[in-house]
>>> print(open('data.tsv').read())   # TSV, C-alpha atoms
chain	number	residue	atom	x	y	z
A	1	MET	CA	16.73	46.72	6.87
A	2	GLU	CA	19.02	48.31	4.27
A	3	ARG	CA	18.06	47.55	0.67
A	4	ILE	CA	20.53	45.56	-1.46
A	5	ASN	CA	21.06	48.36	-4.00
A	6	GLN	CA	21.87	50.77	-1.23
A	7	THR	CA	24.34	48.30	0.26
A	8	LEU	CA	26.09	47.81	-3.08
A	9	LYS	CA	26.22	51.56	-3.65
A	10	ARG	CA	27.75	52.10	-0.21
A	11	LEU	CA	30.36	49.36	-0.75
A	12	ALA	CA	31.27	50.69	-4.20
A	13	SER	CA	31.89	54.14	-2.77
A	14	SER	CA	34.09	52.90	0.07
A	15	GLU	CA	37.80	53.69	0.00
A	16	ASN	CA	38.90	50.03	0.27
A	17	PHE	CA	36.70	49.02	-2.63
A	18	GLN	CA	38.02	51.82	-4.82
A	19	LYS	CA	41.62	50.91	-4.03
A	20	ARG	CA	41.02	47.25	-4.79
A	21	TYR	CA	39.19	48.10	-8.01
A	22	GLU	CA	42.01	50.37	-9.17
A	23	ARG	CA	44.62	47.71	-8.34
A	24	ILE	CA	42.74	45.09	-10.36
A	25	ARG	CA	42.29	47.53	-13.23
A	26	GLN	CA	46.01	48.35	-13.37
A	27	GLU	CA	46.97	44.69	-13.07
A	28	THR	CA	44.60	43.77	-15.90
A	29	LEU	CA	45.47	46.59	-18.30
A	30	SER	CA	49.23	46.12	-17.80
A	31	HIS	CA	49.06	42.45	-18.80
A	32	PRO	CA	51.03	41.96	-22.07
A	33	ASP	CA	48.17	40.12	-23.82
A	34	ILE	CA	45.65	42.81	-22.91
A	35	ARG	CA	47.96	45.61	-24.00
A	36	ALA	CA	48.64	43.85	-27.31
A	37	PHE	CA	44.91	43.28	-27.95
A	38	ILE	CA	44.02	46.90	-27.20
A	39	GLN	CA	46.88	48.16	-29.37
A	40	LYS	CA	45.82	45.92	-32.25
A	41	ASN	CA	42.20	47.08	-32.03
A	42	GLN	CA	42.71	50.65	-30.81
A	43	ALA	CA	40.61	52.10	-33.64
A	44	HIS	CA	37.58	50.22	-32.32
A	45	ILE	CA	38.11	50.37	-28.54
A	46	SER	CA	37.21	53.26	-26.24
A	47	GLU	CA	37.95	53.83	-22.56
A	48	GLU	CA	34.27	53.26	-21.88
A	49	MET	CA	34.43	49.84	-23.56
A	50	ILE	CA	37.50	48.91	-21.52
A	51	ASP	CA	35.81	49.83	-18.23
A	52	LYS	CA	32.64	48.06	-19.27
A	53	SER	CA	34.61	44.90	-20.16
A	54	LEU	CA	37.04	44.90	-17.24
A	55	ASN	CA	35.50	41.78	-15.69
A	56	LYS	CA	36.00	39.88	-18.96
A	57	LEU	CA	39.58	41.09	-19.31
A	58	TYR	CA	40.27	40.02	-15.72
A	59	GLU	CA	38.69	36.64	-16.46
A	60	TYR	CA	41.08	36.28	-19.40
A	61	ILE	CA	44.34	37.07	-17.58
A	62	ASN	CA	43.65	34.64	-14.74
A	63	GLN	CA	43.45	31.60	-16.97
A	64	SER	CA	45.97	29.39	-18.72
A	65	LYS	CA	46.85	30.01	-22.37
A	66	GLU	CA	48.67	27.40	-24.46
A	67	CYS	CA	48.66	25.21	-21.31
A	68	ASP	CA	51.28	27.49	-19.69
A	69	LYS	CA	49.81	27.17	-16.18
A	70	CYS	CA	48.64	23.54	-16.33
A	71	GLU	CA	50.74	20.42	-15.77
A	72	CYS	CA	48.23	18.19	-17.53
A	73	LEU	CA	44.74	18.20	-19.04
A	74	GLU	CA	43.22	16.72	-15.86
A	75	GLY	CA	44.79	19.55	-13.85
A	76	CYS	CA	43.53	22.32	-16.13
A	77	ILE	CA	42.83	25.47	-14.09
A	78	ASN	CA	40.52	27.14	-16.63
A	79	MET	CA	36.81	27.77	-16.17
A	80	MET	CA	36.15	25.25	-18.95
A	81	LYS	CA	38.61	22.38	-18.56
A	82	GLY	CA	40.55	21.83	-21.78
A	83	TYR	CA	39.52	25.16	-23.29
A	84	GLN	CA	41.60	28.34	-23.41
A	85	PRO	CA	40.27	31.92	-23.59
A	86	GLU	CA	40.41	34.16	-26.65
A	87	LEU	CA	39.66	37.89	-26.62
A	88	VAL	CA	37.12	39.08	-29.20
A	89	LEU	CA	35.34	42.33	-30.01
A	90	THR	CA	31.55	42.38	-29.89
A	91	ARG	CA	29.37	45.37	-30.81
A	92	ASN	CA	30.10	47.57	-27.83
A	93	ALA	CA	32.38	45.50	-25.62
A	94	ILE	CA	35.32	43.13	-25.34
A	95	ASP	CA	34.30	39.54	-24.69
A	96	VAL	CA	35.96	36.15	-24.07
A	97	THR	CA	35.36	33.04	-26.13
A	98	TYR	CA	36.86	29.59	-25.55
A	99	GLU	CA	38.72	27.28	-27.93
A	100	ARG	CA	40.27	23.87	-27.30
A	101	CYS	CA	43.75	24.07	-25.80
A	102	PRO	CA	46.68	22.12	-27.35
A	103	ARG	CA	46.37	19.28	-24.81
A	104	LYS	CA	42.62	19.00	-25.41
A	105	VAL	CA	43.22	18.84	-29.16
A	106	MET	CA	45.78	16.06	-28.65
A	107	GLU	CA	43.51	14.16	-26.26
A	108	ASP	CA	40.56	14.37	-28.66
A	109	GLU	CA	42.79	13.18	-31.49
A	110	ARG	CA	44.06	10.29	-29.37
A	111	ARG	CA	40.54	9.24	-28.44
A	112	LYS	CA	39.44	9.43	-32.06
A	113	ASN	CA	42.39	7.28	-33.12
A	114	GLU	CA	41.79	4.78	-30.30
A	115	LYS	CA	38.18	4.46	-31.36
A	116	LEU	CA	39.26	3.92	-34.96
A	117	ILE	CA	42.32	1.72	-34.42
A	118	LYS	CA	41.97	-0.78	-31.59
A	119	SER	CA	45.60	-1.97	-31.86
A	120	LEU	CA	46.73	1.38	-30.45
A	121	HIS	CA	46.37	-0.11	-26.99
A	122	VAL	CA	49.80	-0.83	-25.50
A	123	PRO	CA	50.89	-1.78	-21.96
A	124	LYS	CA	50.45	0.88	-19.27
A	125	ASP	CA	54.16	0.92	-18.45
A	126	ILE	CA	54.88	1.93	-22.05
A	127	LEU	CA	52.25	4.70	-21.98
A	128	SER	CA	53.87	6.17	-18.84
A	129	ALA	CA	57.50	5.59	-19.88
A	130	THR	CA	60.08	8.33	-19.28
A	131	PHE	CA	63.76	8.74	-20.08
A	132	GLU	CA	64.38	9.38	-16.40
A	133	ASP	CA	63.19	5.85	-15.53
A	134	PHE	CA	65.07	4.24	-18.42
A	135	GLU	CA	68.35	2.65	-17.32
A	136	HIS	CA	71.15	4.49	-19.15
A	137	ASP	CA	73.64	1.64	-19.07
A	138	ALA	CA	76.53	1.24	-21.51
A	139	GLU	CA	74.58	-1.27	-23.62
A	140	ARG	CA	71.70	1.14	-24.31
A	141	ILE	CA	73.26	4.59	-24.12
A	142	ASP	CA	73.58	4.81	-27.91
A	143	ALA	CA	69.83	4.26	-28.31
A	144	VAL	CA	69.07	6.97	-25.71
A	145	GLN	CA	71.44	9.43	-27.38
A	146	LYS	CA	69.92	8.78	-30.83
A	147	ALA	CA	66.44	9.33	-29.37
A	148	ALA	CA	67.56	12.59	-27.74
A	149	LEU	CA	69.12	13.73	-31.03
A	150	PHE	CA	65.85	13.06	-32.86
A	151	LEU	CA	63.88	15.08	-30.30
A	152	ASN	CA	66.33	17.97	-30.50
A	153	ASN	CA	66.28	18.05	-34.31
A	154	TYR	CA	62.48	17.78	-34.39
A	155	ASP	CA	62.17	20.69	-31.93
A	156	GLN	CA	64.27	22.84	-34.23
A	157	GLY	CA	62.15	21.97	-37.25
A	158	ASN	CA	64.92	20.06	-39.00
A	159	PRO	CA	63.84	17.21	-41.32
A	160	THR	CA	64.82	14.05	-39.49
A	161	LYS	CA	64.34	10.32	-39.91
A	162	GLY	CA	62.82	8.07	-37.29
A	163	LEU	CA	64.66	5.22	-35.60
A	164	TYR	CA	64.55	1.45	-36.03
A	165	PHE	CA	65.23	-0.08	-32.60
A	166	TYR	CA	66.17	-3.75	-32.86
A	167	GLY	CA	67.43	-6.32	-30.39
A	168	LYS	CA	66.45	-9.29	-28.26
A	169	PHE	CA	63.31	-9.63	-26.15
A	170	GLY	CA	62.95	-7.44	-23.08
A	171	VAL	CA	65.80	-4.98	-23.68
A	172	GLY	CA	63.56	-1.90	-23.64
A	173	LYS	CA	62.80	-1.18	-27.29
A	174	SER	CA	59.08	-0.57	-26.76
A	175	TYR	CA	59.80	1.39	-23.57
A	176	LEU	CA	61.98	3.76	-25.59
A	177	LEU	CA	59.06	4.40	-27.96
A	178	GLY	CA	56.88	5.27	-24.99
A	179	ALA	CA	59.52	7.63	-23.56
A	180	ILE	CA	59.85	9.42	-26.90
A	181	ALA	CA	56.06	9.65	-27.30
A	182	ASN	CA	55.63	11.09	-23.80
A	183	ARG	CA	58.40	13.66	-24.31
A	184	LEU	CA	56.67	14.73	-27.53
A	185	ALA	CA	53.29	14.90	-25.78
A	186	LYS	CA	54.68	17.40	-23.26
A	187	LYS	CA	55.36	19.66	-26.23
A	188	GLN	CA	51.86	19.09	-27.66
A	189	ILE	CA	53.22	16.97	-30.53
A	190	SER	CA	50.96	14.10	-31.55
A	191	SER	CA	52.29	10.57	-32.02
A	192	MET	CA	50.74	7.14	-32.32
A	193	ILE	CA	52.13	3.82	-31.05
A	194	VAL	CA	50.67	0.79	-32.82
A	195	TYR	CA	51.33	-2.88	-32.03
A	196	VAL	CA	51.95	-4.29	-35.51
A	197	PRO	CA	50.77	-7.94	-35.13
A	198	GLU	CA	47.43	-6.77	-33.70
A	199	LEU	CA	47.20	-4.00	-36.30
A	200	LEU	CA	47.45	-6.41	-39.21
A	201	ARG	CA	44.86	-8.74	-37.67
A	202	GLU	CA	42.59	-5.74	-37.20
A	203	MET	CA	43.06	-4.64	-40.81
A	204	LYS	CA	41.78	-7.98	-42.05
A	205	SER	CA	38.58	-7.62	-40.03
A	206	ALA	CA	38.22	-4.00	-41.16
A	207	ILE	CA	37.28	-5.19	-44.64
A	208	ALA	CA	33.97	-6.47	-43.28
A	209	ASP	CA	32.97	-3.21	-41.56
A	210	SER	CA	34.26	-0.98	-44.39
A	211	THR	CA	36.72	0.95	-42.21
A	212	LEU	CA	39.92	-0.30	-43.86
A	213	ASN	CA	40.62	2.80	-45.95
A	214	GLU	CA	39.86	5.11	-43.03
A	215	LYS	CA	42.31	3.22	-40.80
A	216	ILE	CA	45.04	3.24	-43.41
A	217	GLU	CA	44.60	6.98	-44.02
A	218	ALA	CA	44.91	7.69	-40.28
A	219	LEU	CA	48.18	5.74	-40.12
A	220	LYS	CA	49.52	7.40	-43.25
A	221	LYS	CA	49.01	10.93	-41.97
A	222	GLU	CA	49.82	10.70	-38.26
A	223	PRO	CA	52.59	13.28	-37.57
A	224	ILE	CA	54.79	10.67	-35.85
A	225	LEU	CA	53.97	6.98	-36.23
A	226	MET	CA	55.55	4.23	-34.11
A	227	LEU	CA	55.20	0.65	-35.33
A	228	ASP	CA	55.96	-1.64	-32.40
A	229	ASP	CA	57.22	-5.22	-32.90
A	230	ILE	CA	57.30	-5.36	-36.69
A	231	GLY	CA	58.38	-8.85	-37.73
A	232	ALA	CA	56.41	-10.59	-34.97
A	233	GLU	CA	53.40	-10.91	-37.27
A	234	ALA	CA	52.59	-13.80	-39.59
A	235	VAL	CA	53.28	-12.39	-43.05
A	236	SER	CA	50.66	-12.46	-45.79
A	237	SER	CA	51.10	-10.91	-49.21
A	238	TRP	CA	48.01	-8.78	-48.63
A	239	THR	CA	49.05	-7.22	-45.30
A	240	ARG	CA	52.57	-6.63	-46.55
A	241	ASP	CA	51.70	-5.17	-49.97
A	242	GLU	CA	48.27	-3.60	-49.42
A	243	VAL	CA	48.58	-2.36	-45.83
A	244	LEU	CA	52.23	-1.80	-44.84
A	245	GLY	CA	53.31	-0.84	-48.36
A	246	PRO	CA	50.93	2.11	-48.92
A	247	ILE	CA	51.41	3.42	-45.36
A	248	LEU	CA	55.20	3.42	-45.59
A	249	GLN	CA	55.20	4.75	-49.17
A	250	TYR	CA	53.09	7.77	-48.22
A	251	ARG	CA	55.16	8.51	-45.12
A	252	MET	CA	58.39	8.22	-47.09
A	253	LEU	CA	57.20	10.67	-49.76
A	254	GLU	CA	55.86	13.13	-47.17
A	255	LYS	CA	58.97	12.72	-44.96
A	256	LEU	CA	56.86	11.94	-41.88
A	257	PRO	CA	58.98	10.55	-38.99
A	258	THR	CA	58.36	6.84	-38.46
A	259	PHE	CA	59.74	4.60	-35.71
A	260	PHE	CA	59.97	0.82	-35.55
A	261	THR	CA	60.89	-1.82	-32.99
A	262	SER	CA	61.80	-5.37	-33.98
A	263	ASN	CA	63.65	-8.46	-32.87
A	264	PHE	CA	65.16	-8.52	-36.38
A	265	ASP	CA	67.89	-6.36	-37.86
A	266	PHE	CA	67.25	-5.05	-41.40
A	267	GLN	CA	68.54	-8.23	-43.04
A	268	GLY	CA	66.50	-10.49	-40.78
A	269	LEU	CA	63.32	-8.47	-41.30
A	270	GLU	CA	63.75	-8.59	-45.08
A	271	HIS	CA	64.03	-12.39	-44.92
A	272	HIS	CA	60.93	-12.54	-42.70
A	273	LEU	CA	58.91	-10.36	-45.09
A	274	ALA	CA	59.97	-12.43	-48.09
A	275	TYR	CA	58.05	-15.54	-47.01
A	276	SER	CA	54.26	-15.43	-46.68
A	277	GLN	CA	52.06	-17.81	-44.69
A	278	ARG	CA	51.52	-19.82	-47.85
A	279	GLY	CA	55.25	-20.47	-48.14
A	280	GLU	CA	55.64	-18.26	-51.19
A	281	GLU	CA	59.01	-16.62	-51.69
A	282	GLU	CA	58.67	-12.96	-52.72
A	283	LYS	CA	62.07	-11.39	-52.27
A	284	VAL	CA	61.45	-8.42	-54.59
A	285	LYS	CA	58.34	-7.33	-52.69
A	286	ALA	CA	60.12	-7.74	-49.35
A	287	ARG	CA	63.03	-5.67	-50.66
A	288	ARG	CA	60.60	-2.95	-51.72
A	289	ILE	CA	59.20	-2.71	-48.17
A	290	MET	CA	62.71	-2.63	-46.72
A	291	GLU	CA	63.73	0.23	-49.02
A	292	ARG	CA	60.93	2.29	-47.51
A	293	ILE	CA	61.88	1.32	-43.96
A	294	ARG	CA	65.51	2.26	-44.62
A	295	ALA	CA	64.42	5.60	-46.07
A	296	LEU	CA	62.24	6.29	-43.01
A	297	SER	CA	64.54	5.21	-40.18
A	298	ASP	CA	68.10	4.62	-39.02
A	299	PRO	CA	68.87	1.27	-37.36
A	300	VAL	CA	69.85	1.35	-33.67
A	301	LEU	CA	70.83	-1.76	-31.73
A	302	VAL	CA	69.36	-2.00	-28.23
A	303	SER	CA	71.15	-4.69	-26.22
A	304	GLY	CA	71.56	-5.90	-22.66
A	305	PRO	CA	69.82	-8.46	-20.45
A	306	ASN	CA	66.12	-9.32	-20.66
A	307	ARG	CA	64.56	-6.97	-18.10
A	308	ARG	CA	61.23	-8.76	-18.18
A	309	GLN	CA	62.66	-11.77	-16.38
>>> encode(input="data.tsv", output="structure tokens")
Amino acid sequence: MERINQTLKRLASSENFQKRYERIRQETLSHPDIRAFIQKNQAHISEEMIDKSLNKLYEYINQSKECDKCECLEGCINMMKGYQPELVLTRNAIDVTYERCPRKVMEDERRKNEKLIKSLHVPKDILSATFEDFEHDAERIDAVQKAALFLNNYDQGNPTKGLYFYGKFGVGKSYLLGAIANRLAKKQISSMIVYVPELLREMKSAIADSTLNEKIEALKKEPILMLDDIGAEAVSSWTRDEVLGPILQYRMLEKLPTFFTSNFDFQGLEHHLAYSQRGEEEKVKARRIMERIRALSDPVLVSGPNRRQ
């Protein structure tokens, strides 16, 4: 029986093997990323190192970078799902290391936020919302166009305000938030949708487990925050002034895009915020909150029939 080393030697010397090896070598070394890496490090790379590291270079070019070959995180084609390759120089060779890809970073951030803020949970139809499935009727076309304008401006790096979607029940305000969030997610842009009534209830209980400040900081600094159904909560001076106030103040100063949905227009929401559960009238404090909301968002009426019926 022929020994394994003799078999390998015979295969390596065969004409077909040599042709295939040369084809792979040319394919690998002509890849733009490989050429750029070798050019950048040419003072430290020899032909011997390249030949020695060819398998690693080939491993690199056949994987997705910046999620360019993957439709979603679950469908990641890489050797380590959610991790993308990086070329590095070791002592006498070129090697491949792995870092989290943009989608993995976003997913980890989302999971961290969900663990921290329970009121992030919103209906599944909102989480999977798309503009394609949103009915572009005459009553809601303005809202869709304003959303598209925001996305276009944000893509181009232009400072832009969020939107304040208001209207009756069931007209698609929350669905629009989901569609915007999902369009942003495709571009690896993080956003957070929070159901406001549940959020404020959660903040009260956070005092007991000492996570209040951590939760508020997360909401302050999220790149794009979406506050769903503001005005549906029972107002207390504490939640208005110590929770909403600091979050909106920080986001206003840092010019961080913030979205809202509400059954109230600006005037109606200001009246709602002016009266606490105790029946106290605090118009000045309500006006202060509304100034921040106006600075953060432009009002957009969403009308039409109740599509939940």
>>> closest_atom_pairs(input="data.tsv", of="region 115-212 of chain A", to="region 87-105 of chain A", cutoff="12 Å", atoms="only C-alpha atoms", output="tab-separated table")
residue	atom	partner	partner_atom	distance
A:Leu184	CA	A:Arg103	CA	11.6
A:Ala185	CA	A:Arg103	CA	8.2
A:Lys186	CA	A:Arg103	CA	8.7
A:Lys187	CA	A:Pro102	CA	9.1
A:Gln188	CA	A:Pro102	CA	6.0
A:Ile189	CA	A:Pro102	CA	8.9
A:Ser190	CA	A:Val105	CA	9.4
>>> residues_around(input="data.tsv", residues="region 287-299 of chain A", least_positions_apart="4", cutoff="9 Å", atoms="only C-alpha atoms", output="PDB file with C-alpha atoms, keeping the file's coordinate frame")
ATOM      1  CA  THR A 160      64.820  14.050 -39.490  1.00  0.00           C
ATOM      2  CA  LYS A 161      64.340  10.320 -39.910  1.00  0.00           C
ATOM      3  CA  GLY A 162      62.820   8.070 -37.290  1.00  0.00           C
ATOM      4  CA  LEU A 163      64.660   5.220 -35.600  1.00  0.00           C
ATOM      5  CA  TYR A 164      64.550   1.450 -36.030  1.00  0.00           C
ATOM      6  CA  PHE A 165      65.230  -0.080 -32.600  1.00  0.00           C
ATOM      7  CA  TYR A 166      66.170  -3.750 -32.860  1.00  0.00           C
ATOM      8  CA  ARG A 240      52.570  -6.630 -46.550  1.00  0.00           C
ATOM      9  CA  ASP A 241      51.700  -5.170 -49.970  1.00  0.00           C
ATOM     10  CA  LEU A 244      52.230  -1.800 -44.840  1.00  0.00           C
ATOM     11  CA  GLY A 245      53.310  -0.840 -48.360  1.00  0.00           C
ATOM     12  CA  LEU A 248      55.200   3.420 -45.590  1.00  0.00           C
ATOM     13  CA  GLN A 249      55.200   4.750 -49.170  1.00  0.00           C
ATOM     14  CA  ARG A 251      55.160   8.510 -45.120  1.00  0.00           C
ATOM     15  CA  MET A 252      58.390   8.220 -47.090  1.00  0.00           C
ATOM     16  CA  LYS A 255      58.970  12.720 -44.960  1.00  0.00           C
ATOM     17  CA  LEU A 256      56.860  11.940 -41.880  1.00  0.00           C
ATOM     18  CA  PRO A 257      58.980  10.550 -38.990  1.00  0.00           C
ATOM     19  CA  THR A 258      58.360   6.840 -38.460  1.00  0.00           C
ATOM     20  CA  PHE A 259      59.740   4.600 -35.710  1.00  0.00           C
ATOM     21  CA  PHE A 260      59.970   0.820 -35.550  1.00  0.00           C
ATOM     22  CA  ASP A 265      67.890  -6.360 -37.860  1.00  0.00           C
ATOM     23  CA  PHE A 266      67.250  -5.050 -41.400  1.00  0.00           C
ATOM     24  CA  GLN A 267      68.540  -8.230 -43.040  1.00  0.00           C
ATOM     25  CA  LEU A 269      63.320  -8.470 -41.300  1.00  0.00           C
ATOM     26  CA  GLU A 270      63.750  -8.590 -45.080  1.00  0.00           C
ATOM     27  CA  HIS A 271      64.030 -12.390 -44.920  1.00  0.00           C
ATOM     28  CA  LEU A 273      58.910 -10.360 -45.090  1.00  0.00           C
ATOM     29  CA  ALA A 274      59.970 -12.430 -48.090  1.00  0.00           C
ATOM     30  CA  GLU A 282      58.670 -12.960 -52.720  1.00  0.00           C
ATOM     31  CA  LYS A 283      62.070 -11.390 -52.270  1.00  0.00           C
TER      32      LYS A 283
END
>>> atom_distance(input="data.tsv", atom1="CA of Tyr275 (chain A)", atom2="CA of Met226 (chain A)")
23.7 Å
>>> atom_distance(input="data.tsv", atom1="CA of Ile141 (chain A)", atom2="CA of Gly167 (chain A)")
13.9 Å
>>> closest_residue(input="data.tsv", among="A:Arg307, A:Lys19, A:His272, A:Lys112", to="Glu214 (chain A)", atoms="only C-alpha atoms")
A:Lys112
>>> atom_distance(input="data.tsv", atom1="CA of Asn158 (chain A)", atom2="CA of Glu107 (chain A)")
25.6 Å
>>> closest_residue(input="data.tsv", among="A:Ser205, A:Ser303, A:Ser210, A:Asn62", to="Ile34 (chain A)", atoms="only C-alpha atoms")
A:Asn62
>>> axis_aligned_box(input="data.tsv", around="region 30-39 of chain A", padding_each_side="5 Å", output="AutoDock Vina command-line options")
--center_x 47.5 --center_y 44.1 --center_z -23.6 --size_x 17.0 --size_y 18.0 --size_z 21.6
>>> residues_around(input="data.tsv", residues="Thr28 (chain A)", least_positions_apart="5", cutoff="12 Å", atoms="all atoms listed in the file", output="list of chain:residue names")
A:Tyr21, A:Glu22, A:Arg23, A:Asp33, A:Ile34, A:Arg35, A:Ile38, A:Ile50, A:Asp51, A:Ser53, A:Leu54, A:Asn55, A:Lys56, A:Leu57, A:Tyr58, A:Glu59, A:Tyr60, A:Ile61, A:Asn62
>>> closest_residue(input="data.tsv", among="A:Ser276, A:Thr239, A:Thr130, A:Ser191", to="Glu222 (chain A)", atoms="all atoms listed in the file")
A:Ser191
>>> closest_residue(input="data.tsv", among="A:Cys70, A:Leu176, A:Leu253, A:Met106", to="His136 (chain A)", atoms="all atoms listed in the file")
A:Leu176
